[in-house]
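Raw contents of data.txt, compact mmCIF, C-alpha atoms and all ligand atoms:
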```
# COMPACT_ATOMS: atom_id res chain seq x y z
CA MET A 1 179.99 130.11 178.07
CA ALA A 2 183.38 128.57 178.82
CA SER A 3 185.17 131.32 176.90
CA ASP A 4 183.27 133.90 178.98
CA LEU A 5 184.73 132.32 182.10
CA VAL A 6 188.24 132.33 180.60
CA PHE A 7 187.82 135.99 179.67
CA ARG A 8 186.59 136.90 183.15
CA ALA A 9 189.39 134.93 184.77
CA MET A 10 191.89 136.80 182.64
CA LYS A 11 190.44 140.20 183.54
CA ALA A 12 190.34 139.41 187.23
CA ASN A 13 193.84 137.90 187.29
CA ALA A 14 192.14 134.88 188.86
CA LYS A 15 194.18 132.26 190.66
CA SER A 16 191.71 129.46 190.02
CA LEU A 17 189.48 128.45 187.15
CA ASN A 18 186.81 125.78 187.23
CA LEU A 19 185.62 124.51 183.85
CA SER A 20 184.51 121.07 184.95
CA SER A 21 181.35 119.38 183.55
CA ARG A 22 180.89 121.71 180.58
CA ASN A 23 180.95 119.16 177.78
CA LEU A 24 184.12 120.77 176.36
CA THR A 25 185.82 119.04 173.42
CA GLU A 26 188.62 121.59 173.03
CA LEU A 27 190.02 124.66 174.74
CA SER A 28 190.19 128.17 173.30
CA LYS A 29 193.51 129.83 172.50
CA GLY A 30 192.86 132.40 175.24
CA PHE A 31 194.24 129.86 177.70
CA GLY A 32 197.79 130.89 176.92
CA LYS A 33 197.17 134.24 178.64
CA LEU A 34 196.09 132.80 181.97
CA THR A 35 199.59 133.06 183.34
CA ARG A 36 198.58 133.58 186.98
CA VAL A 37 196.25 130.65 187.41
CA LEU A 38 197.34 128.18 190.10
CA TRP A 39 194.40 125.74 190.05
CA LEU A 40 192.67 124.58 186.89
CA ARG A 41 189.78 122.14 186.79
CA LEU A 42 188.89 120.62 183.44
CA ASN A 43 187.46 117.34 184.70
CA ASN A 44 184.23 115.78 183.40
CA ASN A 45 184.51 117.02 179.82
CA ARG A 46 185.32 115.33 176.50
CA LEU A 47 188.82 116.65 175.92
CA THR A 48 191.31 114.62 173.85
CA THR A 49 194.14 117.14 173.71
CA LEU A 50 195.42 120.36 175.31
CA PRO A 51 196.59 123.43 173.33
CA VAL A 52 200.32 124.23 173.20
CA GLY A 53 199.48 127.67 174.61
CA LEU A 54 198.92 126.04 177.98
CA GLN A 55 202.69 126.02 178.50
CA CYS A 56 202.46 129.72 179.48
CA MET A 57 200.70 128.69 182.70
CA GLN A 58 204.00 128.48 184.50
CA GLN A 59 202.48 128.98 187.94
CA LEU A 60 199.95 126.17 187.61
CA THR A 61 200.30 123.85 190.58
CA GLU A 62 197.11 121.78 190.38
CA LEU A 63 195.48 120.40 187.23
CA ASN A 64 192.45 118.14 187.11
CA LEU A 65 191.95 116.40 183.75
CA GLY A 66 189.95 113.50 185.15
CA ASN A 67 187.04 111.93 183.27
CA ASN A 68 187.92 113.11 179.76
CA ALA A 69 188.96 111.24 176.60
CA PHE A 70 192.77 111.59 176.61
CA GLU A 71 194.62 108.65 175.05
CA GLU A 72 198.02 109.80 176.32
CA MET A 73 199.42 112.21 178.88
CA PRO A 74 199.10 115.52 176.95
CA PRO A 75 202.64 116.45 175.70
CA VAL A 76 202.25 120.08 176.82
CA LEU A 77 202.41 118.87 180.45
CA LYS A 78 206.17 118.57 180.13
CA HIS A 79 206.42 122.38 180.14
CA LEU A 80 204.39 122.84 183.34
CA HIS A 81 207.25 122.65 185.79
CA SER A 82 205.31 123.99 188.79
CA LEU A 83 202.72 121.21 188.74
CA LYS A 84 202.33 119.53 192.11
CA LYS A 85 199.00 117.73 191.70
CA LEU A 86 197.93 116.05 188.47
CA HIS A 87 194.68 114.12 188.07
CA LEU A 88 194.20 112.04 184.93
CA TYR A 89 191.78 109.40 186.25
CA ARG A 90 189.07 107.94 184.00
CA ASN A 91 190.62 108.58 180.61
CA GLN A 92 191.69 106.21 177.82
CA ILE A 93 195.45 106.41 178.42
CA SER A 94 197.35 103.28 177.38
CA THR A 95 200.95 104.55 177.30
CA LEU A 96 202.94 106.84 179.57
CA HIS A 97 205.61 108.72 177.61
CA PRO A 98 208.94 108.88 179.49
CA GLU A 99 209.71 112.43 178.30
CA VAL A 100 206.54 113.75 179.95
CA LEU A 101 207.21 111.93 183.23
CA GLU A 102 210.82 113.11 183.28
CA SER A 103 209.79 116.76 183.34
CA LEU A 104 207.26 116.45 186.16
CA SER A 105 209.80 116.20 188.95
CA ASN A 106 207.84 118.54 191.25
CA LEU A 107 204.72 116.39 191.30
CA ILE A 108 203.53 115.38 194.75
CA VAL A 109 200.25 113.72 193.71
CA LEU A 110 199.66 111.69 190.53
CA ASN A 111 196.32 109.98 189.94
CA LEU A 112 196.08 107.70 186.89
CA ASN A 113 193.22 105.45 188.09
CA HIS A 114 190.81 103.89 185.58
CA ASN A 115 192.88 103.98 182.40
CA LYS A 116 194.34 101.30 180.10
CA ILE A 117 197.98 101.59 181.11
CA ARG A 118 200.01 98.44 180.42
CA SER A 119 203.39 99.46 181.81
CA ILE A 120 205.13 102.09 183.88
CA PRO A 121 208.31 103.42 182.22
CA THR A 122 211.58 103.40 184.18
CA ALA A 123 211.46 107.23 183.93
CA ILE A 124 209.07 107.05 186.89
CA LYS A 125 212.21 107.42 189.00
CA SER A 126 212.35 111.10 187.92
CA LEU A 127 209.34 111.86 190.14
CA SER A 128 211.59 112.44 193.09
CA ASN A 129 209.01 114.46 195.05
CA LEU A 130 206.04 112.17 194.49
CA GLU A 131 204.25 111.27 197.74
CA ARG A 132 200.94 109.85 196.53
CA PHE A 133 200.72 107.64 193.45
CA SER A 134 197.54 105.97 192.34
CA ILE A 135 197.29 103.74 189.26
CA ALA A 136 194.45 101.41 190.22
CA ASP A 137 192.16 99.81 187.61
CA ASN A 138 194.69 99.58 184.80
CA GLN A 139 196.29 96.71 182.84
CA LEU A 140 199.69 96.52 184.58
CA GLU A 141 201.29 93.07 184.46
CA GLU A 142 204.53 94.20 186.06
CA ILE A 143 206.09 97.26 187.63
CA PRO A 144 209.69 98.43 187.15
CA ALA A 145 212.31 98.15 189.89
CA GLU A 146 212.85 101.92 189.43
CA LEU A 147 209.57 102.56 191.27
CA GLY A 148 211.63 101.71 194.35
CA LEU A 149 213.65 104.88 193.73
CA VAL A 150 210.67 107.22 194.20
CA SER A 151 211.81 107.59 197.75
CA LYS A 152 209.27 110.08 199.10
CA LEU A 153 206.26 107.89 198.35
CA THR A 154 203.96 107.56 201.35
CA GLU A 155 200.86 106.15 199.63
CA MET A 156 200.59 103.90 196.61
CA ASN A 157 197.50 102.32 195.11
CA LEU A 158 197.99 99.48 192.60
CA ASN A 159 194.62 97.80 193.15
CA ARG A 160 192.88 95.90 190.35
CA ASN A 161 195.74 95.39 187.91
CA LYS A 162 197.25 92.12 186.63
CA LEU A 163 200.46 92.07 188.65
CA ARG A 164 201.98 88.61 189.08
CA GLU A 165 204.82 89.83 191.30
CA ILE A 166 206.33 92.97 192.71
CA PRO A 167 210.06 93.77 192.54
CA GLN A 168 212.10 93.41 195.72
CA GLU A 169 213.33 96.98 195.14
CA LEU A 170 209.95 98.28 196.35
CA TYR A 171 211.21 97.54 199.86
CA LYS A 172 213.48 100.58 199.44
CA LEU A 173 210.36 102.74 199.90
CA THR A 174 210.96 103.28 203.58
CA GLN A 175 208.49 106.21 203.85
CA LEU A 176 205.57 104.15 202.57
CA ARG A 177 202.62 104.18 204.98
CA LYS A 178 199.74 102.86 202.84
CA LEU A 179 200.04 100.27 200.11
CA SER A 180 197.13 98.79 198.18
CA LEU A 181 197.79 95.72 196.03
CA ALA A 182 194.32 94.20 196.15
CA ARG A 183 192.88 92.15 193.29
CA ASN A 184 196.03 91.36 191.37
CA ASN A 185 197.56 87.95 190.59
CA LEU A 186 200.32 87.94 193.24
CA ARG A 187 201.51 84.50 194.30
CA GLU A 188 203.99 85.77 196.88
CA LEU A 189 205.61 88.88 198.27
CA PRO A 190 209.42 88.91 197.96
CA GLU A 191 211.64 88.47 201.01
CA GLY A 192 212.96 91.60 202.74
CA ILE A 193 209.63 93.06 203.86
CA LEU A 194 211.10 94.84 206.90
CA GLY A 195 212.26 97.54 204.45
CA TRP A 196 208.74 98.92 204.79
CA LYS A 197 209.47 100.11 208.27
CA ASN A 198 206.79 102.83 208.29
CA LEU A 199 204.03 100.78 206.67
CA LYS A 200 200.73 101.08 208.58
CA MET A 201 198.19 99.78 206.05
CA LEU A 202 198.61 96.88 203.64
CA ASP A 203 195.84 95.59 201.39
CA VAL A 204 196.62 92.35 199.54
CA ALA A 205 193.04 91.03 199.37
CA GLY A 206 192.01 89.01 196.34
CA ASN A 207 195.42 87.65 195.28
CA HIS A 208 196.86 84.10 195.30
CA LEU A 209 199.19 84.38 198.31
CA SER A 210 199.86 81.17 200.21
CA MET A 211 201.75 82.82 203.08
CA PHE A 212 203.46 86.04 204.12
CA PRO A 213 207.24 86.55 203.84
CA VAL A 214 209.78 85.98 206.62
CA ASN A 215 209.50 88.43 209.54
CA PHE A 216 206.18 89.82 208.32
CA HIS A 217 204.88 89.88 211.89
CA LEU A 218 207.61 92.34 212.87
CA LEU A 219 206.04 95.09 210.72
CA GLU A 220 204.22 97.70 212.78
CA LEU A 221 200.99 97.45 210.81
CA GLU A 222 197.71 98.94 212.01
CA GLU A 223 195.55 97.56 209.20
CA LEU A 224 195.89 94.42 207.10
CA TYR A 225 193.41 93.20 204.48
CA PHE A 226 194.01 89.72 203.08
CA GLU A 227 190.66 88.01 202.42
CA GLY A 228 190.34 86.01 199.21
CA ASN A 229 193.84 84.49 199.07
CA SER A 230 194.96 80.84 199.08
CA LEU A 231 196.63 80.93 202.49
CA VAL A 232 198.14 77.76 203.96
CA GLN A 233 195.70 76.18 206.39
CA PHE A 234 196.72 74.87 209.79
CA GLU A 235 196.31 71.10 209.92
CA LEU A 236 198.60 68.75 211.79
CA PHE A 237 200.09 65.72 210.06
CA THR A 238 203.00 63.65 211.29
CA SER A 239 205.95 63.69 208.97
CA THR A 240 209.62 62.81 208.92
CA GLN A 241 212.31 65.08 207.57
CA GLN A 242 215.15 63.35 205.79
CA GLU A 243 218.65 64.64 206.28
CA GLU A 244 219.69 66.67 203.22
CA VAL A 245 223.05 66.50 201.51
CA LEU A 246 224.51 69.95 201.10
CA SER A 247 226.46 70.88 197.99
CA LEU A 248 230.08 71.94 198.25
CA LYS A 249 229.02 75.45 197.25
CA GLU A 250 226.52 75.61 200.11
CA HIS A 251 229.09 74.28 202.58
CA ALA A 252 231.62 76.87 201.45
CA ALA A 253 229.04 79.67 201.48
CA ARG A 254 227.94 78.81 205.01
CA PHE A 255 231.53 78.76 206.16
CA ILE A 256 232.30 82.14 204.61
CA LEU A 257 229.05 83.69 205.86
CA LYS A 258 229.66 82.48 209.36
CA GLU A 259 233.19 83.80 209.37
CA HIS A 260 231.99 87.04 207.82
CA LEU A 261 229.26 87.54 210.41
CA ASN A 262 231.79 86.87 213.14
CA LYS A 263 233.97 89.50 211.47
CA SER A 264 236.73 86.96 211.37
CA SER A 265 239.60 88.78 209.76
CA MET A 266 241.08 86.57 207.06
CA VAL A 267 238.07 85.16 205.28
CA SER A 268 236.17 88.40 205.70
CA ARG A 269 238.91 90.39 204.03
CA ALA A 270 239.25 87.81 201.27
CA SER A 271 235.55 88.02 200.40
CA LEU A 272 235.69 91.81 200.42
CA LEU A 273 238.20 91.56 197.60
CA LEU A 274 235.75 89.61 195.45
CA PRO A 275 232.66 91.69 194.65
CA ASP A 276 230.82 88.73 193.08
CA ILE A 277 231.08 86.83 196.33
CA GLN A 278 229.90 89.90 198.21
CA THR A 279 226.79 90.18 196.04
CA MET A 280 226.08 86.46 196.29
CA LEU A 281 226.47 86.47 200.05
CA SER A 282 224.20 89.49 200.47
CA TRP A 283 221.19 87.25 199.75
CA PHE A 284 221.81 84.89 202.62
CA GLY A 285 219.18 83.87 205.14
CA MET A 286 219.35 83.16 208.83
CA CYS A 287 218.04 79.95 210.41
CA ALA A 288 215.16 80.69 212.78
CA VAL A 289 216.26 77.91 215.16
CA CYS A 290 220.06 78.04 215.40
CA PHE A 291 220.53 81.58 213.93
CA GLU A 292 223.32 80.32 211.67
CA PRO A 293 223.42 81.67 208.09
CA PHE A 294 222.70 79.73 204.89
CA LEU A 295 222.75 80.63 201.23
CA THR A 296 220.64 78.59 198.80
CA THR A 297 219.57 75.50 200.73
CA TRP A 298 216.97 75.68 203.44
CA VAL A 299 213.92 73.98 204.86
CA GLU A 300 210.82 76.05 204.21
CA CYS A 301 208.44 76.11 207.15
CA VAL A 302 205.54 78.17 208.34
CA GLN A 303 204.50 79.69 211.64
CA PHE A 304 201.02 80.91 212.46
CA ILE A 305 200.84 84.46 213.74
CA ASN A 306 197.86 85.79 215.60
CA LEU A 307 197.08 89.27 214.30
CA ARG A 308 195.73 90.58 217.58
CA LYS A 309 198.17 88.97 219.98
CA ASP A 310 201.37 89.17 217.93
CA MET A 311 200.82 92.28 215.84
CA GLY A 312 198.27 94.36 217.77
CA ILE A 313 195.90 94.50 214.79
CA LYS A 314 192.16 94.55 215.47
CA ASN A 315 191.52 91.09 214.05
CA SER A 316 191.62 87.76 215.85
CA GLN A 317 192.62 85.64 212.81
CA ASN A 318 195.87 83.75 212.38
CA ILE A 319 198.03 84.18 209.30
CA PRO A 320 200.80 81.92 207.97
CA VAL A 321 204.25 83.52 207.85
CA ARG A 322 207.21 81.88 206.13
CA VAL A 323 210.09 80.62 208.28
CA LEU A 324 213.38 79.32 206.89
CA LEU A 325 215.57 76.80 208.70
CA CYS A 326 219.13 75.79 207.80
CA SER A 327 218.56 72.04 207.97
CA SER A 328 216.20 69.24 208.87
CA ALA A 329 218.35 68.75 211.95
CA CYS A 330 217.13 72.13 213.17
CA PHE A 331 213.56 71.27 212.15
CA ASN A 332 213.72 68.07 214.19
CA LYS A 333 214.84 69.91 217.31
CA SER A 334 212.11 70.38 219.88
CA GLY A 335 211.04 73.69 221.42
CA HIS A 336 209.90 75.59 218.32
CA SER A 337 206.47 75.94 216.73
CA TYR A 338 207.44 75.91 213.07
CA TYR A 339 205.60 73.54 210.77
CA SER A 340 206.69 72.05 207.48
CA ILE A 341 204.37 72.54 204.54
CA ALA A 342 202.51 69.71 202.92
CA LYS A 343 200.44 70.00 199.76
CA VAL A 344 197.25 68.03 200.11
CA LYS A 345 195.31 66.90 197.06
CA LEU A 346 191.61 67.38 197.59
ZN ZN A 401 219.66 75.93 211.95
```
Since I need it in another form, could you write the structure as structure tokens?
Amino acid sequence: MASDLVFRAMKANAKSLNLSSRNLTELSKGFGKLTRVLWLRLNNNRLTTLPVGLQCMQQLTELNLGNNAFEEMPPVLKHLHSLKKLHLYRNQISTLHPEVLESLSNLIVLNLNHNKIRSIPTAIKSLSNLERFSIADNQLEEIPAELGLVSKLTEMNLNRNKLREIPQELYKLTQLRKLSLARNNLRELPEGILGWKNLKMLDVAGNHLSMFPVNFHLLELEELYFEGNSLVQFELFTSTQQEEVLSLKEHAARFILKEHLNKSSMVSRASLLLPDIQTMLSWFGMCAVCFEPFLTTWVECVQFINLRKDMGIKNSQNIPVRVLLCSSACFNKSGHSYYSIAKVKL
């Protein structure tokens, strides 16, 4: 039956071939002659491998291999250089081979949902045209910083994995519009979130977040999902902040940063000559009260942002957003609504 369809497709020079839901366990050799096919559907079968002859399908742009029994990305895929959409959802894949990923640089859509993938190789950075990446329902415990180099990504779905953190480099994905991180083990999002300047939808529901990173409320989000986290609750206690003693390193760093920000000539030029200092200083923060810079010593506070009033999101809840101050002196100043964080034993 399936070979009849392949034969007919060959005769008719067909551009598409649908062999989904046919209980196939292997493909006939005739596939090698289907050189004009652009769309091939092989989903809902029992395939474990693809024949080498498939590499002749040099015009193939869309391939659906979803709901089969593949344990790896079939090696022949590395010869299909025209592929733009690849579906491999609901298989048994545990490992992604870098050499296959490296040759799929024209992919725009990659769907790997519902597999057993434990890690994403750094070769993911080769997918320079990828716009939609979905790898939900896998076993990922971490993701590589190189994912931040897939610069055309607009949608990414990492739901239901085991991620404990995400790399700060993901903030380089400036085109990202939708990001799903629900039901992982995230304890916090790294600082620098304003890198996601086009983000419209963020789903972090079902993690262990206690608050959102600095400046989170300046994102132009339209949708935010965050139920099922351990967010800091708003309860007022009186407390006193003791004056901290800054280290010499912190004193020096603050001096250099301040001079540098003021573009003061001498110190600024001196630090330019020392790349290590440049790197170190690039991680500085800015006090939310006095706007002076600091390096490694700060007072961690929280402010409560109203989603509707402050962010224009259709939700009247308040969320805690991290605020960093340079000193307890700034915390003790009046006129701000930043709160220090107290852990309460229940
Ligand atoms: Zn300050």
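The nearest approach to Trp196 of chain A among the residues A:Leu107, A:Cys326, A:Leu170, A:Leu63, with only C-alpha atoms taken into account, belongs to A:Leu170.
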Legend entry - Shell of 7 Å around ligand ZN 401 (chain A) (all atoms listed in the file), written as an MDAnalysis selection string: chainID A and resid 287:292 325:327 330
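Between atom CA of Val302 of chain A and atom CA of Asn184 of chain A the interatomic distance comes to 23.5 Å.
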Centre and edge lengths of an axis-aligned box around all listed atoms of segment 141-148 of chain A, with 6 Å added on each side, are to be given in Å to one decimal, as lines of an AutoDock Vina configuration file.
```
center_x = 207.1
center_y = 97.8
center_z = 189.4
size_x = 23.6
size_y = 21.5
size_z = 21.9
```
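Residue neighbourhood of segment 293-301 of chain A, excluding near-sequence residues (fewer than 5 positions): Glu250, Ala253, Arg254, Leu257, Lys258, Trp283, Phe284, Gly285, Met286, Cys287, Arg322, Val323, Leu324, Leu325, Cys326, Ser327, Ser328, Tyr338, Tyr339, Ser340 and Ile341 of chain A, at 7 Å, using all atoms listed in the file.
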Legend entry - Polymer residues at most 9 Å from Leu19 of chain A, all atoms listed in the file, same-chain spacing of 5 or more positions, as a list in words: Ala2, Leu5, Val6, Leu24, Leu40, Arg41, Leu42, Asn43, Asn44 and Asn45 of chain A
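In terms of minimum interatomic distance to Asn129 of chain A, A:Lys85 ranks closest within A:Lys116, A:Lys85, A:Glu169, A:Ser94, counting all atoms listed in the file.
A distance cut-off of 12 Å around (208.7, 111.9, 179.1), counting all atoms listed in the file, selects these protein and nucleic acid residues: Glu72, Met73, Pro74, Pro75, Val76, Leu77, Lys78, His79, Thr95, Leu96, His97, Pro98, Glu99, Val100, Leu101, Glu102, Ser103, Leu104, Ser105, Ile120, Pro121, Thr122, Ala123, Ile124, Lys125, Ser126 and Leu127 of chain A.
What separates atom CA of His87 of chain A from atom CA of Asn115 of chain A is a distance of 11.8 Å.
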Legend entry - Counting all atoms listed in the file, the option among A:Leu199, A:Leu209, A:Leu149, A:Ile256 closest to Arg164 of chain A: A:Leu209
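Interatomic distance, atom CA of Tyr225 of chain A to atom CA of Thr174 of chain A: 20.3 Å.
Distances to Gln92 of chain A were evaluated for A:Val150, A:Asp137, A:Ser128, A:Lys333 using only C-alpha atoms, and the minimum falls at A:Asp137.
Residue nearest Lys172 of chain A, chosen from A:Asn318, A:Ser21, A:Asn159, A:Asn198 and counting all atoms listed in the file: A:Asn198.
Nearest to Glu142 of chain A of all the residues A:Leu231, A:Met201, A:Leu158, A:Leu88 is A:Leu158, based on only C-alpha atoms.
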Legend entry - Sphere at (188.1, 114.8, 173.8), radius 6 Å, counting all atoms listed in the file: residues as an MDAnalysis selection string: chainID A and resid 25 46:48 69
Would you save the residues of that selection, restricted to C-alpha atoms, as a short mmCIF file (atom, residue, chain, number, x, y, z; two decimals), in the coordinates of the input?
```cif
data_model
loop_
_atom_site.label_atom_id
_atom_site.label_comp_id
_atom_site.auth_asym_id
_atom_site.auth_seq_id
_atom_site.Cartn_x
_atom_site.Cartn_y
_atom_site.Cartn_z
CA THR A 25 185.82 119.04 173.42
CA ARG A 46 185.32 115.33 176.50
CA LEU A 47 188.82 116.65 175.92
CA THR A 48 191.31 114.62 173.85
CA ALA A 69 188.96 111.24 176.60
#
```
Legend entry - Polymer residues at most 12 Å from Asp4 of chain A, all atoms listed in the file, same-chain spacing of 5 or more positions, as a ChimeraX atom specification: /A:9-11,17,19,28,30-31
With N, CA and C atoms as the goal, would you fill in the gaps in segment 308-321 of chain A and present it as a PDB file, in the frame of the given file?
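That gives us selection30.pdb:
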```pdb
ATOM      1  N   ARG A 308     195.984  89.752 216.396  1.00  0.00           N
ATOM      2  CA  ARG A 308     195.730  90.580 217.580  1.00  0.00           C
ATOM      3  C   ARG A 308     196.858  90.462 218.597  1.00  0.00           C
ATOM      4  N   LYS A 309     197.201  89.210 218.905  1.00  0.00           N
ATOM      5  CA  LYS A 309     198.170  88.970 219.980  1.00  0.00           C
ATOM      6  C   LYS A 309     199.589  89.366 219.557  1.00  0.00           C
ATOM      7  N   ASP A 310     199.974  88.983 218.345  1.00  0.00           N
ATOM      8  CA  ASP A 310     201.370  89.170 217.930  1.00  0.00           C
ATOM      9  C   ASP A 310     201.628  90.480 217.199  1.00  0.00           C
ATOM     10  N   MET A 311     200.576  91.064 216.619  1.00  0.00           N
ATOM     11  CA  MET A 311     200.820  92.280 215.840  1.00  0.00           C
ATOM     12  C   MET A 311     199.990  93.468 216.306  1.00  0.00           C
ATOM     13  N   GLY A 312     199.071  93.254 217.248  1.00  0.00           N
ATOM     14  CA  GLY A 312     198.270  94.360 217.770  1.00  0.00           C
ATOM     15  C   GLY A 312     197.256  94.903 216.778  1.00  0.00           C
ATOM     16  N   ILE A 313     196.900  94.078 215.771  1.00  0.00           N
ATOM     17  CA  ILE A 313     195.900  94.500 214.790  1.00  0.00           C
ATOM     18  C   ILE A 313     194.518  94.052 215.258  1.00  0.00           C
ATOM     19  N   LYS A 314     193.508  94.884 214.988  1.00  0.00           N
ATOM     20  CA  LYS A 314     192.160  94.550 215.470  1.00  0.00           C
ATOM     21  C   LYS A 314     191.544  93.437 214.620  1.00  0.00           C
ATOM     22  N   ASN A 315     191.993  92.233 214.827  1.00  0.00           N
ATOM     23  CA  ASN A 315     191.520  91.090 214.050  1.00  0.00           C
ATOM     24  C   ASN A 315     192.036  89.849 214.789  1.00  0.00           C
ATOM     25  N   SER A 316     191.164  88.890 215.041  1.00  0.00           N
ATOM     26  CA  SER A 316     191.620  87.760 215.850  1.00  0.00           C
ATOM     27  C   SER A 316     192.118  86.587 214.995  1.00  0.00           C
ATOM     28  N   GLN A 317     192.207  86.749 213.682  1.00  0.00           N
ATOM     29  CA  GLN A 317     192.620  85.640 212.810  1.00  0.00           C
ATOM     30  C   GLN A 317     194.108  85.351 212.922  1.00  0.00           C
ATOM     31  N   ASN A 318     194.453  84.133 212.487  1.00  0.00           N
ATOM     32  CA  ASN A 318     195.870  83.750 212.380  1.00  0.00           C
ATOM     33  C   ASN A 318     196.282  83.808 210.915  1.00  0.00           C
ATOM     34  N   ILE A 319     197.523  84.208 210.674  1.00  0.00           N
ATOM     35  CA  ILE A 319     198.030  84.180 209.300  1.00  0.00           C
ATOM     36  C   ILE A 319     199.304  83.356 209.245  1.00  0.00           C
ATOM     37  N   PRO A 320     199.554  82.671 208.102  1.00  0.00           N
ATOM     38  CA  PRO A 320     200.800  81.920 207.970  1.00  0.00           C
ATOM     39  C   PRO A 320     201.942  82.826 207.512  1.00  0.00           C
ATOM     40  N   VAL A 321     203.064  82.731 208.200  1.00  0.00           N
ATOM     41  CA  VAL A 321     204.250  83.520 207.850  1.00  0.00           C
ATOM     42  C   VAL A 321     205.407  82.551 207.592  1.00  0.00           C
TER      43      VAL A 321
END
```
